[in-house]
$ cat query_26.txt   # compact mmCIF, C-alpha atoms
# COMPACT_ATOMS: atom_id res chain seq x y z
CA SER A 1 0.00 0.00 0.00
CA PHE A 2 1.08 3.57 -0.58
CA GLU A 3 2.75 5.31 2.34
CA PRO A 4 2.84 9.11 1.89
CA VAL A 5 6.25 10.68 2.32
CA LYS A 6 6.51 12.82 5.43
CA MET A 7 7.78 16.26 4.51
CA ALA A 8 7.52 19.96 5.31
CA ARG A 9 5.20 22.07 3.20
CA ILE A 10 6.90 24.30 0.68
CA HIS A 11 6.75 27.94 1.74
CA GLY A 12 7.83 29.97 -1.23
CA GLY A 13 10.12 27.20 -2.44
CA GLY A 14 11.98 26.76 0.83
CA GLY A 15 12.03 23.92 3.33
CA SER A 16 12.52 20.21 2.82
CA ARG A 17 10.60 18.44 0.11
CA ALA A 18 9.75 14.96 -1.07
CA ALA A 19 11.63 13.33 -3.94
CA THR A 20 9.76 13.48 -7.25
CA ASP A 21 9.92 11.84 -10.68
CA LEU A 22 10.50 15.22 -12.32
CA GLY A 23 13.76 15.95 -14.08
CA ASP A 24 16.13 18.25 -12.20
CA ALA A 25 15.50 21.20 -14.52
CA ASP A 26 11.72 20.78 -14.44
CA GLU A 27 11.69 20.43 -10.66
CA GLU A 28 13.80 23.55 -10.18
CA GLU A 29 11.60 25.57 -12.55
CA LEU A 30 8.42 24.30 -10.88
CA LEU A 31 9.75 25.29 -7.47
CA LEU A 32 10.51 28.77 -8.78
CA VAL A 33 6.96 29.01 -10.14
CA ILE A 34 5.55 28.06 -6.73
CA ALA A 35 7.83 30.55 -4.99
CA GLY A 36 6.63 33.31 -7.31
CA MET A 37 2.99 32.66 -6.40
CA GLY A 38 3.54 33.92 -2.85
CA MET A 39 4.17 32.61 0.62
CA PRO A 40 2.59 32.36 4.08
CA ASN A 41 3.79 35.14 6.36
CA GLU A 42 3.39 35.01 10.14
CA SER A 43 2.15 38.36 11.39
CA LYS A 44 3.73 39.92 14.45
CA GLU A 45 0.41 40.44 16.24
CA GLY A 46 -1.14 37.27 17.59
CA GLY A 47 1.11 34.99 15.55
CA GLU A 48 -1.56 34.55 12.85
CA VAL A 49 -0.40 33.41 9.44
CA GLU A 50 -1.29 35.69 6.56
CA TYR A 51 -0.64 34.87 2.93
CA TRP A 52 1.45 37.25 0.89
CA VAL A 53 0.60 37.12 -2.83
CA GLY A 54 3.60 37.58 -5.10
CA GLU A 55 3.75 40.32 -7.71
CA ASP A 56 4.12 37.71 -10.46
CA CYS A 57 1.36 35.46 -9.11
CA ASN A 58 -0.80 35.68 -12.27
CA GLU A 59 2.08 34.70 -14.52
CA CYS A 60 3.10 31.88 -12.17
CA ILE A 61 -0.43 30.43 -12.15
CA THR A 62 -0.35 30.49 -15.96
CA ASP A 63 2.98 28.65 -15.91
CA LEU A 64 1.53 26.12 -13.48
CA GLN A 65 -1.35 25.45 -15.89
CA ARG A 66 1.19 24.86 -18.64
CA TYR A 67 3.06 22.32 -16.51
CA LEU A 68 -0.16 20.44 -15.72
CA ARG A 69 -1.24 20.37 -19.38
CA ARG A 70 2.01 18.84 -20.56
CA ASP A 71 2.28 16.27 -17.74
CA ASP A 72 2.94 12.72 -18.99
CA PRO A 73 -0.42 10.89 -18.52
CA LEU A 74 1.37 7.62 -17.71
CA VAL A 75 3.49 9.17 -14.94
CA MET A 76 1.69 12.36 -13.81
CA ALA A 77 4.93 13.52 -12.20
CA CYS A 78 3.88 17.18 -11.95
CA HIS A 79 0.49 16.39 -10.42
CA ARG A 80 2.09 14.05 -7.88
CA ALA A 81 4.83 16.55 -7.02
CA LEU A 82 2.28 19.31 -6.33
CA GLY A 83 0.34 16.87 -4.14
CA ALA A 84 3.44 15.85 -2.20
CA TRP A 85 4.39 19.50 -1.70
CA CYS A 86 0.87 20.43 -0.46
CA VAL A 87 0.70 23.29 -2.97
CA LEU A 88 -3.11 23.34 -3.04
CA GLN A 89 -3.41 23.45 0.76
CA THR A 90 -0.59 25.95 1.32
CA HIS A 91 -0.86 28.28 -1.66
CA LEU A 92 -3.88 27.91 -3.94
CA ILE A 93 -6.61 27.98 -1.28
CA SER A 94 -4.86 30.89 0.44
CA ILE A 95 -4.78 32.90 -2.81
CA LEU A 96 -8.54 32.34 -3.22
CA GLN A 97 -9.10 33.59 0.32
CA VAL A 98 -7.14 36.83 0.02
CA ARG A 99 -7.92 37.73 -3.61
CA THR A 100 -11.64 36.99 -3.93
CA ASP A 101 -12.18 40.39 -5.59
CA ASP A 102 -9.73 39.62 -8.43
CA ILE A 103 -12.01 37.58 -10.71
CA HIS A 104 -9.30 36.98 -13.32
CA LEU A 105 -6.88 35.54 -10.76
CA VAL A 106 -9.66 33.56 -9.06
CA PHE A 107 -10.66 32.09 -12.42
CA ASP A 108 -7.10 30.98 -13.22
CA VAL A 109 -6.49 29.57 -9.74
CA LEU A 110 -9.75 27.62 -9.86
CA LYS A 111 -8.72 26.08 -13.18
CA VAL A 112 -5.61 24.69 -11.50
CA VAL A 113 -7.52 23.53 -8.39
CA VAL A 114 -10.16 21.76 -10.49
CA LYS A 115 -7.43 20.01 -12.49
CA LEU A 116 -5.63 18.81 -9.36
CA THR A 117 -8.83 17.59 -7.68
CA MET A 118 -10.18 15.61 -10.64
CA LYS A 119 -11.56 12.18 -9.83
CA PRO A 120 -8.55 9.82 -9.66
CA GLU A 121 -9.96 7.45 -12.29
CA GLN A 122 -10.26 10.41 -14.68
CA LEU A 123 -6.96 12.05 -13.81
CA GLY A 124 -5.15 8.71 -14.03
CA GLY A 125 -7.27 7.33 -16.88
CA ARG A 126 -4.29 6.37 -19.04
CA MET A 127 -2.69 4.66 -16.06
CA LEU A 128 -5.80 2.54 -15.49
CA GLU A 129 -5.97 1.64 -19.18
CA ASN A 130 -2.32 0.61 -19.16
CA MET A 131 -2.82 -1.63 -16.13
CA LYS A 132 -5.96 -3.26 -17.57
CA ASP A 133 -4.28 -3.96 -20.92
CA ARG A 134 -1.33 -5.80 -19.37
CA LYS A 135 -1.35 -9.36 -18.11
CA ASN A 136 1.15 -8.32 -15.44
CA PRO A 137 0.44 -4.67 -14.57
CA ASP A 138 3.42 -2.43 -13.88
CA PRO A 139 3.67 -2.06 -10.06
CA ILE A 140 5.26 1.39 -10.47
CA ILE A 141 2.20 2.71 -12.30
CA GLY A 142 0.01 1.12 -9.63
CA ARG A 143 1.93 2.94 -6.91
CA GLN A 144 1.71 6.24 -8.78
CA LEU A 145 -2.04 5.81 -9.16
CA GLN A 146 -2.32 5.18 -5.42
CA GLU A 147 -0.47 8.45 -4.86
CA LEU A 148 -3.06 10.33 -6.92
CA GLN A 149 -5.84 8.69 -4.87
CA HIS A 150 -4.09 9.67 -1.63
CA TYR A 151 -3.73 13.30 -2.72
CA HIS A 152 -7.38 13.45 -3.78
CA ARG A 153 -8.36 12.43 -0.23
CA ALA A 154 -6.04 15.09 1.19
CA TYR A 155 -7.57 17.78 -1.03
CA SER A 156 -11.10 16.84 0.05
CA ARG A 157 -10.09 16.90 3.73
CA ALA A 158 -8.54 20.36 3.27
CA PHE A 159 -11.93 21.81 2.35
CA ILE A 160 -13.60 20.44 5.48
CA THR A 161 -12.15 23.47 7.29
CA PRO A 162 -14.92 26.13 7.54
CA ALA A 163 -12.66 28.94 6.27
CA ASN A 164 -11.75 26.93 3.16
CA ILE A 165 -15.24 25.75 2.16
CA SER A 166 -16.76 29.15 2.95
CA VAL A 167 -14.58 30.89 0.37
CA LEU A 168 -16.14 28.69 -2.33
CA VAL A 169 -19.66 29.25 -1.01
CA ARG A 170 -19.17 33.02 -0.81
CA LEU A 171 -17.72 33.17 -4.32
CA LEU A 172 -20.57 31.11 -5.72
CA ALA A 173 -23.21 33.16 -3.89
CA SER A 174 -21.79 36.50 -5.02
CA LEU A 175 -21.67 35.41 -8.67
CA LEU A 176 -25.14 33.83 -8.65
CA ALA A 177 -26.53 37.04 -7.12
CA LYS A 178 -25.69 38.90 -10.33
CA ASP A 179 -28.25 39.00 -13.11
CA GLU A 180 -27.19 36.37 -15.62
CA HIS A 181 -27.60 38.83 -18.49
CA HIS A 182 -25.09 41.17 -16.84
CA ARG A 183 -22.52 38.57 -15.81
CA LEU A 184 -19.17 38.58 -17.55
CA ASP A 185 -18.32 35.39 -19.46
CA GLU A 186 -15.44 34.87 -17.05
CA GLU A 187 -17.85 35.09 -14.10
CA THR A 188 -20.19 32.51 -15.63
CA MET A 189 -17.25 30.16 -16.29
CA THR A 190 -16.10 30.71 -12.69
CA ILE A 191 -19.47 29.41 -11.48
CA GLU A 192 -18.95 26.32 -13.66
CA LEU A 193 -15.50 25.81 -12.15
CA ILE A 194 -16.81 26.08 -8.57
CA LEU A 195 -19.51 23.49 -9.29
CA ALA A 196 -16.92 21.24 -10.93
CA LEU A 197 -14.66 21.64 -7.89
CA LEU A 198 -17.44 20.76 -5.45
CA LEU A 199 -18.22 17.72 -7.56
CA ASN A 200 -14.57 16.64 -7.50
CA LEU A 201 -14.31 17.07 -3.74
CA LEU A 202 -17.48 15.08 -3.05
CA HIS A 203 -16.42 12.17 -5.23
CA THR A 204 -16.39 8.78 -3.48
CA GLU A 205 -17.10 5.23 -4.57
CA PRO A 206 -20.86 4.69 -5.12
CA PRO A 207 -22.75 2.71 -2.46
CA ASP A 208 -23.20 -0.24 -4.86
CA ALA A 209 -19.51 -0.38 -5.82
CA PRO A 210 -17.64 -3.70 -5.38
CA PRO A 211 -16.02 -4.20 -1.95
CA PRO A 212 -12.61 -2.56 -1.55
CA PRO A 213 -9.55 -4.75 -2.23
CA PRO A 214 -7.76 -6.48 0.66
CA GLY A 215 -6.16 -3.86 2.87
CA GLY A 216 -8.30 -1.09 1.40
CA MET A 217 -11.13 -1.00 3.93
CA GLY A 218 -9.47 1.73 6.00
CA ALA A 219 -9.15 4.06 3.00
CA HIS A 220 -12.75 3.32 2.00
CA LEU A 221 -14.09 4.21 5.44
CA ASP A 222 -11.93 7.33 5.49
CA ASP A 223 -13.43 8.41 2.15
CA VAL A 224 -16.98 7.96 3.44
CA ASN A 225 -16.17 9.83 6.65
CA THR A 226 -14.53 12.67 4.70
CA LEU A 227 -17.55 12.97 2.41
CA ARG A 228 -19.94 13.29 5.36
CA GLN A 229 -17.73 15.81 7.17
CA LEU A 230 -17.45 17.85 3.98
CA LEU A 231 -21.23 17.88 3.61
CA VAL A 232 -21.64 19.00 7.23
CA SER A 233 -19.18 21.86 6.60
CA MET A 234 -21.06 22.84 3.43
CA ASP A 235 -24.36 22.73 5.30
CA ASN A 236 -22.99 24.91 8.12
CA GLU A 237 -21.88 27.50 5.56
CA HIS A 238 -25.26 27.28 3.75
CA GLY A 239 -23.59 25.70 0.75
CA LEU A 240 -26.23 22.99 0.39
CA ASP A 241 -28.98 25.63 0.51
CA LEU A 242 -27.21 27.46 -2.30
CA ILE A 243 -26.97 24.29 -4.40
CA ALA A 244 -30.69 23.60 -3.82
CA TYR A 245 -31.55 27.17 -4.84
CA THR A 246 -29.47 26.86 -8.01
CA MET A 247 -31.23 23.62 -8.93
CA GLN A 248 -34.62 25.32 -8.51
CA GLN A 249 -33.62 27.87 -11.17
CA VAL A 250 -32.77 25.28 -13.82
CA GLU A 251 -36.21 25.41 -15.44
CA GLU A 252 -36.26 29.20 -15.59
CA SER A 253 -32.70 29.95 -16.67
CA GLU A 254 -30.97 28.87 -19.86
CA THR A 255 -27.58 29.38 -18.21
CA HIS A 256 -28.52 27.25 -15.21
CA ARG A 257 -29.61 24.43 -17.54
CA LEU A 258 -26.01 24.17 -18.73
CA TRP A 259 -25.03 23.15 -15.19
CA ASN A 260 -27.81 20.57 -14.86
CA LEU A 261 -25.61 17.46 -15.02
CA SER A 262 -23.08 18.82 -12.53
CA LEU A 263 -25.87 19.77 -10.12
CA LEU A 264 -27.47 16.33 -10.42
CA GLU A 265 -24.18 14.58 -9.73
CA ILE A 266 -23.57 16.81 -6.70
CA LEU A 267 -27.03 15.89 -5.45
CA TYR A 268 -26.19 12.22 -5.97
CA TYR A 269 -23.17 12.46 -3.67
CA VAL A 270 -25.17 14.41 -1.10
CA LEU A 271 -27.82 11.70 -0.96
CA SER A 272 -25.42 8.75 -1.18
CA ALA A 273 -23.74 9.92 2.03
CA GLN A 274 -26.97 9.56 4.01
CA LYS A 275 -29.27 6.70 4.95
CA PRO A 276 -32.95 7.04 3.96
CA ASP A 277 -34.16 6.94 7.56
CA ALA A 278 -31.76 9.78 8.41
CA LEU A 279 -33.05 11.91 5.54
CA PHE A 280 -36.72 11.39 6.30
CA GLY A 281 -36.46 11.04 10.07
CA PRO A 282 -37.67 13.63 12.58
CA ALA A 283 -34.30 15.36 12.97
CA GLY A 284 -33.68 16.24 9.34
CA VAL A 285 -30.17 17.49 10.13
CA LEU A 286 -26.91 16.30 8.62
CA GLU A 287 -24.65 14.88 11.29
CA ALA A 288 -20.97 14.13 11.08
CA PRO A 289 -20.16 10.49 11.78
CA PRO A 290 -17.58 9.41 14.35
CA ALA A 291 -14.06 9.75 13.02
CA ALA A 292 -13.07 6.62 11.14
CA THR A 293 -9.34 6.14 11.11
CA ALA A 294 -7.48 3.96 8.67
CA ALA A 295 -6.22 1.81 11.51
CA SER A 296 -9.70 1.08 12.82
CA GLY A 297 -10.86 0.40 9.27
CA GLU A 298 -8.14 -2.14 8.75
CA ARG A 299 -9.05 -3.83 12.04
CA ASP A 300 -12.67 -4.01 10.92
CA GLY A 301 -11.56 -5.63 7.67
CA GLU A 302 -9.42 -8.13 9.52
CA ASP A 303 -12.23 -9.00 11.91
CA ALA A 304 -14.62 -9.52 9.02
CA SER A 305 -12.19 -11.82 7.23
CA THR A 306 -11.67 -13.78 10.44
CA ARG A 307 -15.42 -14.25 10.86
CA LYS A 308 -15.66 -15.61 7.34

$ encode --input "query_26.txt" --output "structure tokens"
Amino acid sequence: SFEPVKMARIHGGGGSRAATDLGDADEEELLLVIAGMGMPNESKEGGEVEYWVGEDCNECITDLQRYLRRDDPLVMACHRALGAWCVLQTHLISILQVRTDDIHLVFDVLKVVVKLTMKPEQLGGRMLENMKDRKNPDPIIGRQLQELQHYHRAYSRAFITPANISVLVRLLASLLAKDEHHRLDEETMTIELILALLLNLLHTEPPDAPPPPPGGMGAHLDDVNTLRQLLVSMDNEHGLDLIAYTMQQVEESETHRLWNLSLLEILYYVLSAQKPDALFGPAGVLEAPPAATAASGERDGEDASTRK
């Protein structure tokens, strides 16, 4: 099973970092791009960490998009390096928080975030095809695919934090509040990106999916727990109310109809995280489940196999 490398987060390119499959020149250039985006800065008063956005942040985000576009689909070295360096958690979310009024920068940052958070089977589609086509799948590709799955879980967990999920809800609410005939094209596309991001973050295996492979029960339970916690955070920030309101406008708005499939899939994940008796019971309130750790999940899997 994949064991994530323990490392310090990159702050403006400094600090220790995990080894990657990037070439030396590409890794150095990518680190410079990340450093140019900005860096966390601890304020003197209260010790709170504020994010300082670099002067060349827009250009660096554009360069980052270029790196992601040209990433080898059978290796995904750039995607995995950014996951190992916690770039989304340390930099990208922070830029969204401090520059919400810069729609152009927000749009470009969201494009990168949506790309990084894609469903693992889509992001690593060529990897899966390669493994299915071979009688003896390459274990290296299998390990790299597990890395992408691990980083997807980490990205979803990052947005459980109220401050992180609220920035998406506030952005979505402010853009939806504008008359659709007076919205800029970039603003409309930003709404699409936010919905796509929420869909990526909520992605888990469907309830009727085959049982997880041996040793995978802990990760499966962690995914389910993360999904429910994320929904609770969205509900607390009125994100689910906003999604419901948007769905109600589908019949009346041509623009909203373009988001119909994304909205339906979001609704699917919302409902799949709950039991019918919980949805239609007297409480009617989403509740976070007890924390399910990987260790306890593995013990549950071992107990089940012993009982068999």

$ closest_atom_pairs --input "query_26.txt" --of "stretch 105-206 of chain A" --to "stretch 219-239 of chain A" --cutoff "12 Å" --atoms "all atoms listed in the file" --output "tab-separated table"
residue	atom	partner	partner_atom	distance
A:Gln146	CA	A:Ala219	CA	10.9
A:Gln149	CA	A:Ala219	CA	9.7
A:His150	CA	A:Ala219	CA	8.9
A:Tyr151	CA	A:Asp223	CA	11.9
A:His152	CA	A:Asp223	CA	9.9
A:Arg153	CA	A:Asp223	CA	6.9
A:Ala154	CA	A:Thr226	CA	9.5
A:Tyr155	CA	A:Thr226	CA	10.4
A:Ser156	CA	A:Thr226	CA	7.1
A:Arg157	CA	A:Thr226	CA	6.2
A:Ala158	CA	A:Leu230	CA	9.3
A:Phe159	CA	A:Leu230	CA	7.0
A:Ile160	CA	A:Leu230	CA	4.9
A:Thr161	CA	A:Ser233	CA	7.2
A:Pro162	CA	A:Ser233	CA	6.1
A:Ala163	CA	A:Glu237	CA	9.4
A:Asn164	CA	A:Ser233	CA	9.6
A:Ile165	CA	A:Met234	CA	6.6
A:Ser166	CA	A:Glu237	CA	6.0
A:Val167	CA	A:Glu237	CA	9.6
A:Leu168	CA	A:Gly239	CA	8.6
A:Val169	CA	A:Gly239	CA	5.6
A:Arg170	CA	A:Gly239	CA	8.7
A:Leu171	CA	A:Gly239	CA	10.8
A:Leu172	CA	A:Gly239	CA	9.0
A:Ala173	CA	A:Gly239	CA	8.8
A:Ile194	CA	A:Gly239	CA	11.5
A:Leu195	CA	A:Gly239	CA	11.1
A:Leu198	CA	A:Met234	CA	9.8
A:Leu199	CA	A:Leu227	CA	11.1
A:Asn200	CA	A:Leu227	CA	11.0
A:Leu201	CA	A:Leu227	CA	8.1
A:Leu202	CA	A:Leu227	CA	5.9
A:His203	CA	A:Leu227	CA	7.8
A:Thr204	CA	A:Asp223	CA	6.4
A:Glu205	CA	A:His220	CA	8.1
A:Pro206	CA	A:Val224	CA	10.0

$ closest_residue --input "query_26.txt" --among "A:Leu30, A:Leu240, A:Met118, A:Ala81" --to "A:Leu64" --atoms "all atoms listed in the file"
A:Leu30

$ closest_residue --input "query_26.txt" --among "A:Asp133, A:Glu252, A:Asp21, A:Asp56" --to "A:Ala35" --atoms "only C-alpha atoms"
A:Asp56

$ residues_around --input "query_26.txt" --residues "A:His181" --least-positions-apart "4" --cutoff "12 Å" --atoms "all atoms listed in the file" --output "list in words"
Leu175, Leu176, Ala177, Asp185, Glu187, Thr188, Ser253, Glu254 and Thr255 of chain A

$ write_last_selection --input "query_26.txt" --atoms "C-alpha atoms" --output "mmCIF file, in the frame of the given file"
data_model
loop_
_atom_site.group_PDB
_atom_site.id
_atom_site.type_symbol
_atom_site.label_atom_id
_atom_site.label_comp_id
_atom_site.auth_asym_id
_atom_site.auth_seq_id
_atom_site.Cartn_x
_atom_site.Cartn_y
_atom_site.Cartn_z
ATOM 1 C CA LEU A 175 -21.670 35.410 -8.670
ATOM 2 C CA LEU A 176 -25.140 33.830 -8.650
ATOM 3 C CA ALA A 177 -26.530 37.040 -7.120
ATOM 4 C CA ASP A 185 -18.320 35.390 -19.460
ATOM 5 C CA GLU A 187 -17.850 35.090 -14.100
ATOM 6 C CA THR A 188 -20.190 32.510 -15.630
ATOM 7 C CA SER A 253 -32.700 29.950 -16.670
ATOM 8 C CA GLU A 254 -30.970 28.870 -19.860
ATOM 9 C CA THR A 255 -27.580 29.380 -18.210
#

$ atom_distance --input "query_26.txt" --atom1 "atom CA of A:Val53" --atom2 "atom CA of A:Glu29"
18.7 Å

$ atom_distance --input "query_26.txt" --atom1 "atom CA of A:Ala196" --atom2 "atom CA of A:Leu264"
11.6 Å

$ closest_residue --input "query_26.txt" --among "A:Glu27, A:Asp241, A:Glu50, A:Glu180" --to "A:Gln97" --atoms "all atoms listed in the file"
A:Glu50

$ closest_residue --input "query_26.txt" --among "A:Leu242, A:Met247, A:Met76, A:Leu148" --to "A:Glu265" --atoms "all atoms listed in the file"
A:Met247

$ atom_distance --input "query_26.txt" --atom1 "atom CA of A:Val114" --atom2 "atom CA of A:Leu197"
5.2 Å

$ closest_residue --input "query_26.txt" --among "A:Arg134, A:His256, A:His91, A:Lys115" --to "A:Cys60" --atoms "all atoms listed in the file"
A:His91

$ residues_near_point --input "query_26.txt" --point "(7.8, 15.6, -7.4)" --cutoff "12 Å" --atoms "only C-alpha atoms" --output "ChimeraX atom specification"
/A:5,7,10,17-31,71,75-87,144,147
